[in-house]
Amino acid sequence: VSTQSTWALRKLKERAMTTAAEIQHLQEHGLYSGADEHDACGVGFVAHIKGEKSHAIVLQGLKILENLDHRGAVGADKLMGDGAGILIQLPDLLYREEMAKQGVTLPPPGEYGVGMIFLPKENASRIACEQEIERAVREEGQVVLGWRDVPVDLDMPMSPTVRAKEPVIRQIFIGRGPDILVTDALERK
């Protein structure tokens, strides 16, 4: 065993806590540990510790995004964004309302998924892409429930270079096929 391995093993043993001691430490000090601090390029994280959904969390996430000067990709054109955004749980109620307008009734939460698809502007190419995506979904034994056009703010200041290349953004709603028995299996598909 190398000297470095022996040193690392000794350090791990020194820092190890029993389960009871670990619980006690977390109750007294919380989850934060200064030892875990290190640089990250434009990362923020907001969550409710018990997993409760709240629009306030979304607003806090957007505030973090607004305050990040450097998110990993910076160009000379100030109106050219880097594609940064926030990741949230599926907004089931919103999707139910939106898809109901098209006559689509979504299955219960956890029994459907949503794919964010960036498509070409040219109509024939876009249709061909959508058909290929639908074919792949069916080939995987899942059910295509429908599509939704993602609303975009056309008044948002944007570089002409970006505007010319901006894709059509649509969401595909995919229902659980008969061979999928648990939610985790659907998410892996």
# chains A, B, ... in the order shown; residues from 1 in each chain; ligands from 1
$ residues_around --residues "Gly141 in chain A" --least-positions-apart "2" --cutoff "9 Å" --atoms "only C-alpha atoms" --output "number ranges by chain"
A: 136-139, 143, 176-180
$ atom_distance --atom1 "CA of Ala100 in chain A" --atom2 "CA of Trp147 in chain A"
11.6 Å
$ closest_residue --among "A:Met156, A:Ala124, A:Leu65, A:Leu106" --to "Ile86 in chain A" --atoms "only C-alpha atoms"
A:Leu65
$ select_by_dssp --residues "range 87-187 of chain A" --states "alpha helix (DSSP H)" --output "MDAnalysis selection string"
chainID A and resid 92:100 123:139 160:165 183:187
$ closest_residue --among "A:Pro160, A:Gly146, A:Gly113, A:Pro120" --to "Met99 in chain A" --atoms "only C-alpha atoms"
A:Gly146
$ closest_residue --among "A:Val168, A:Val152, A:Val144, A:Val46" --to "Pro107 in chain A" --atoms "only C-alpha atoms"
A:Val144
$ atom_distance --atom1 "CA of Gln89 in chain A" --atom2 "CA of Lys53 in chain A"
8.3 Å
$ select_by_dssp --residues "range 18-177 of chain A" --states "strand (DSSP E or B)" --output "PyMOL selection string"
chain A and resi 112-119+143-149+168-175
$ write_last_selection --atoms "N, CA, C and O atoms" --output "PDB file, in the first residue's frame"
ATOM      1  N   TYR A 112     -46.260  10.082 -16.874  1.00  0.00           N
ATOM      2  CA  TYR A 112     -45.927  10.702 -18.148  1.00  0.00           C
ATOM      3  C   TYR A 112     -44.646  11.509 -17.975  1.00  0.00           C
ATOM      4  O   TYR A 112     -44.252  11.867 -16.881  1.00  0.00           O
ATOM      5  N   GLY A 113     -43.995  11.748 -19.092  1.00  0.00           N
ATOM      6  CA  GLY A 113     -42.785  12.560 -19.104  1.00  0.00           C
ATOM      7  C   GLY A 113     -42.911  13.625 -20.170  1.00  0.00           C
ATOM      8  O   GLY A 113     -43.778  13.552 -21.049  1.00  0.00           O
ATOM      9  N   VAL A 114     -42.048  14.624 -20.085  1.00  0.00           N
ATOM     10  CA  VAL A 114     -42.065  15.723 -21.036  1.00  0.00           C
ATOM     11  C   VAL A 114     -40.648  15.918 -21.566  1.00  0.00           C
ATOM     12  O   VAL A 114     -39.702  16.022 -20.800  1.00  0.00           O
ATOM     13  N   GLY A 115     -40.542  15.937 -22.888  1.00  0.00           N
ATOM     14  CA  GLY A 115     -39.244  16.188 -23.518  1.00  0.00           C
ATOM     15  C   GLY A 115     -39.223  17.586 -24.101  1.00  0.00           C
ATOM     16  O   GLY A 115     -40.168  18.007 -24.770  1.00  0.00           O
ATOM     17  N   MET A 116     -38.148  18.322 -23.840  1.00  0.00           N
ATOM     18  CA  MET A 116     -37.966  19.657 -24.413  1.00  0.00           C
ATOM     19  C   MET A 116     -37.196  19.476 -25.715  1.00  0.00           C
ATOM     20  O   MET A 116     -36.057  19.010 -25.704  1.00  0.00           O
ATOM     21  N   ILE A 117     -37.824  19.819 -26.826  1.00  0.00           N
ATOM     22  CA  ILE A 117     -37.258  19.548 -28.136  1.00  0.00           C
ATOM     23  C   ILE A 117     -36.990  20.863 -28.877  1.00  0.00           C
ATOM     24  O   ILE A 117     -37.857  21.725 -28.961  1.00  0.00           O
ATOM     25  N   PHE A 118     -35.775  20.983 -29.413  1.00  0.00           N
ATOM     26  CA  PHE A 118     -35.373  22.159 -30.188  1.00  0.00           C
ATOM     27  C   PHE A 118     -35.353  21.738 -31.663  1.00  0.00           C
ATOM     28  O   PHE A 118     -34.577  20.878 -32.053  1.00  0.00           O
ATOM     29  N   LEU A 119     -36.220  22.353 -32.443  1.00  0.00           N
ATOM     30  CA  LEU A 119     -36.455  21.923 -33.818  1.00  0.00           C
ATOM     31  C   LEU A 119     -36.068  22.997 -34.827  1.00  0.00           C
ATOM     32  O   LEU A 119     -36.057  24.194 -34.501  1.00  0.00           O
ATOM     33  N   VAL A 143     -46.026   5.891 -25.241  1.00  0.00           N
ATOM     34  CA  VAL A 143     -47.188   6.458 -25.931  1.00  0.00           C
ATOM     35  C   VAL A 143     -46.990   7.961 -26.124  1.00  0.00           C
ATOM     36  O   VAL A 143     -46.718   8.690 -25.168  1.00  0.00           O
ATOM     37  N   VAL A 144     -47.132   8.431 -27.366  1.00  0.00           N
ATOM     38  CA  VAL A 144     -47.076   9.874 -27.644  1.00  0.00           C
ATOM     39  C   VAL A 144     -48.446  10.448 -27.293  1.00  0.00           C
ATOM     40  O   VAL A 144     -49.453  10.080 -27.898  1.00  0.00           O
ATOM     41  N   LEU A 145     -48.458  11.329 -26.283  1.00  0.00           N
ATOM     42  CA  LEU A 145     -49.719  11.931 -25.846  1.00  0.00           C
ATOM     43  C   LEU A 145     -50.036  13.201 -26.626  1.00  0.00           C
ATOM     44  O   LEU A 145     -51.198  13.534 -26.828  1.00  0.00           O
ATOM     45  N   GLY A 146     -49.003  13.933 -27.019  1.00  0.00           N
ATOM     46  CA  GLY A 146     -49.212  15.167 -27.761  1.00  0.00           C
ATOM     47  C   GLY A 146     -47.989  16.067 -27.712  1.00  0.00           C
ATOM     48  O   GLY A 146     -46.968  15.729 -27.114  1.00  0.00           O
ATOM     49  N   TRP A 147     -48.123  17.203 -28.361  1.00  0.00           N
ATOM     50  CA  TRP A 147     -47.063  18.210 -28.429  1.00  0.00           C
ATOM     51  C   TRP A 147     -47.589  19.539 -27.912  1.00  0.00           C
ATOM     52  O   TRP A 147     -48.784  19.826 -28.011  1.00  0.00           O
ATOM     53  N   ARG A 148     -46.682  20.345 -27.413  1.00  0.00           N
ATOM     54  CA  ARG A 148     -47.027  21.696 -26.941  1.00  0.00           C
ATOM     55  C   ARG A 148     -45.981  22.669 -27.458  1.00  0.00           C
ATOM     56  O   ARG A 148     -44.782  22.419 -27.338  1.00  0.00           O
ATOM     57  N   ASP A 149     -46.441  23.784 -28.045  1.00  0.00           N
ATOM     58  CA  ASP A 149     -45.522  24.855 -28.426  1.00  0.00           C
ATOM     59  C   ASP A 149     -45.129  25.607 -27.161  1.00  0.00           C
ATOM     60  O   ASP A 149     -46.000  26.026 -26.383  1.00  0.00           O
ATOM     61  N   VAL A 168     -37.283  26.391 -33.153  1.00  0.00           N
ATOM     62  CA  VAL A 168     -38.661  26.270 -32.696  1.00  0.00           C
ATOM     63  C   VAL A 168     -38.591  25.351 -31.475  1.00  0.00           C
ATOM     64  O   VAL A 168     -37.980  24.283 -31.541  1.00  0.00           O
ATOM     65  N   ILE A 169     -39.191  25.765 -30.377  1.00  0.00           N
ATOM     66  CA  ILE A 169     -39.119  24.972 -29.149  1.00  0.00           C
ATOM     67  C   ILE A 169     -40.490  24.363 -28.877  1.00  0.00           C
ATOM     68  O   ILE A 169     -41.482  25.078 -28.764  1.00  0.00           O
ATOM     69  N   ARG A 170     -40.511  23.032 -28.796  1.00  0.00           N
ATOM     70  CA  ARG A 170     -41.758  22.316 -28.526  1.00  0.00           C
ATOM     71  C   ARG A 170     -41.500  21.279 -27.443  1.00  0.00           C
ATOM     72  O   ARG A 170     -40.364  20.847 -27.234  1.00  0.00           O
ATOM     73  N   GLN A 171     -42.553  20.901 -26.781  1.00  0.00           N
ATOM     74  CA  GLN A 171     -42.473  19.837 -25.777  1.00  0.00           C
ATOM     75  C   GLN A 171     -43.289  18.653 -26.265  1.00  0.00           C
ATOM     76  O   GLN A 171     -44.400  18.825 -26.762  1.00  0.00           O
ATOM     77  N   ILE A 172     -42.721  17.471 -26.108  1.00  0.00           N
ATOM     78  CA  ILE A 172     -43.454  16.253 -26.424  1.00  0.00           C
ATOM     79  C   ILE A 172     -43.857  15.608 -25.106  1.00  0.00           C
ATOM     80  O   ILE A 172     -43.053  15.527 -24.171  1.00  0.00           O
ATOM     81  N   PHE A 173     -45.105  15.186 -25.027  1.00  0.00           N
ATOM     82  CA  PHE A 173     -45.635  14.527 -23.829  1.00  0.00           C
ATOM     83  C   PHE A 173     -45.702  13.033 -24.115  1.00  0.00           C
ATOM     84  O   PHE A 173     -46.308  12.616 -25.101  1.00  0.00           O
ATOM     85  N   ILE A 174     -45.044  12.268 -23.253  1.00  0.00           N
ATOM     86  CA  ILE A 174     -44.907  10.831 -23.463  1.00  0.00           C
ATOM     87  C   ILE A 174     -45.530  10.086 -22.295  1.00  0.00           C
ATOM     88  O   ILE A 174     -45.169  10.300 -21.138  1.00  0.00           O
ATOM     89  N   GLY A 175     -46.468   9.208 -22.603  1.00  0.00           N
ATOM     90  CA  GLY A 175     -47.132   8.410 -21.577  1.00  0.00           C
ATOM     91  C   GLY A 175     -46.416   7.080 -21.367  1.00  0.00           C
ATOM     92  O   GLY A 175     -45.744   6.571 -22.259  1.00  0.00           O
TER      93      GLY A 175
END
$ atom_distance --atom1 "CA of His29 in chain A" --atom2 "CA of His55 in chain A"
27.5 Å
$ closest_residue --among "A:Pro109, A:Val104, A:Leu186, A:Leu59" --to "Asp92 in chain A" --atoms "only C-alpha atoms"
A:Pro109
$ closest_residue --among "A:Gly61, A:Gly51, A:Gly44, A:Pro108" --to "Tyr95 in chain A" --atoms "only C-alpha atoms"
A:Pro108
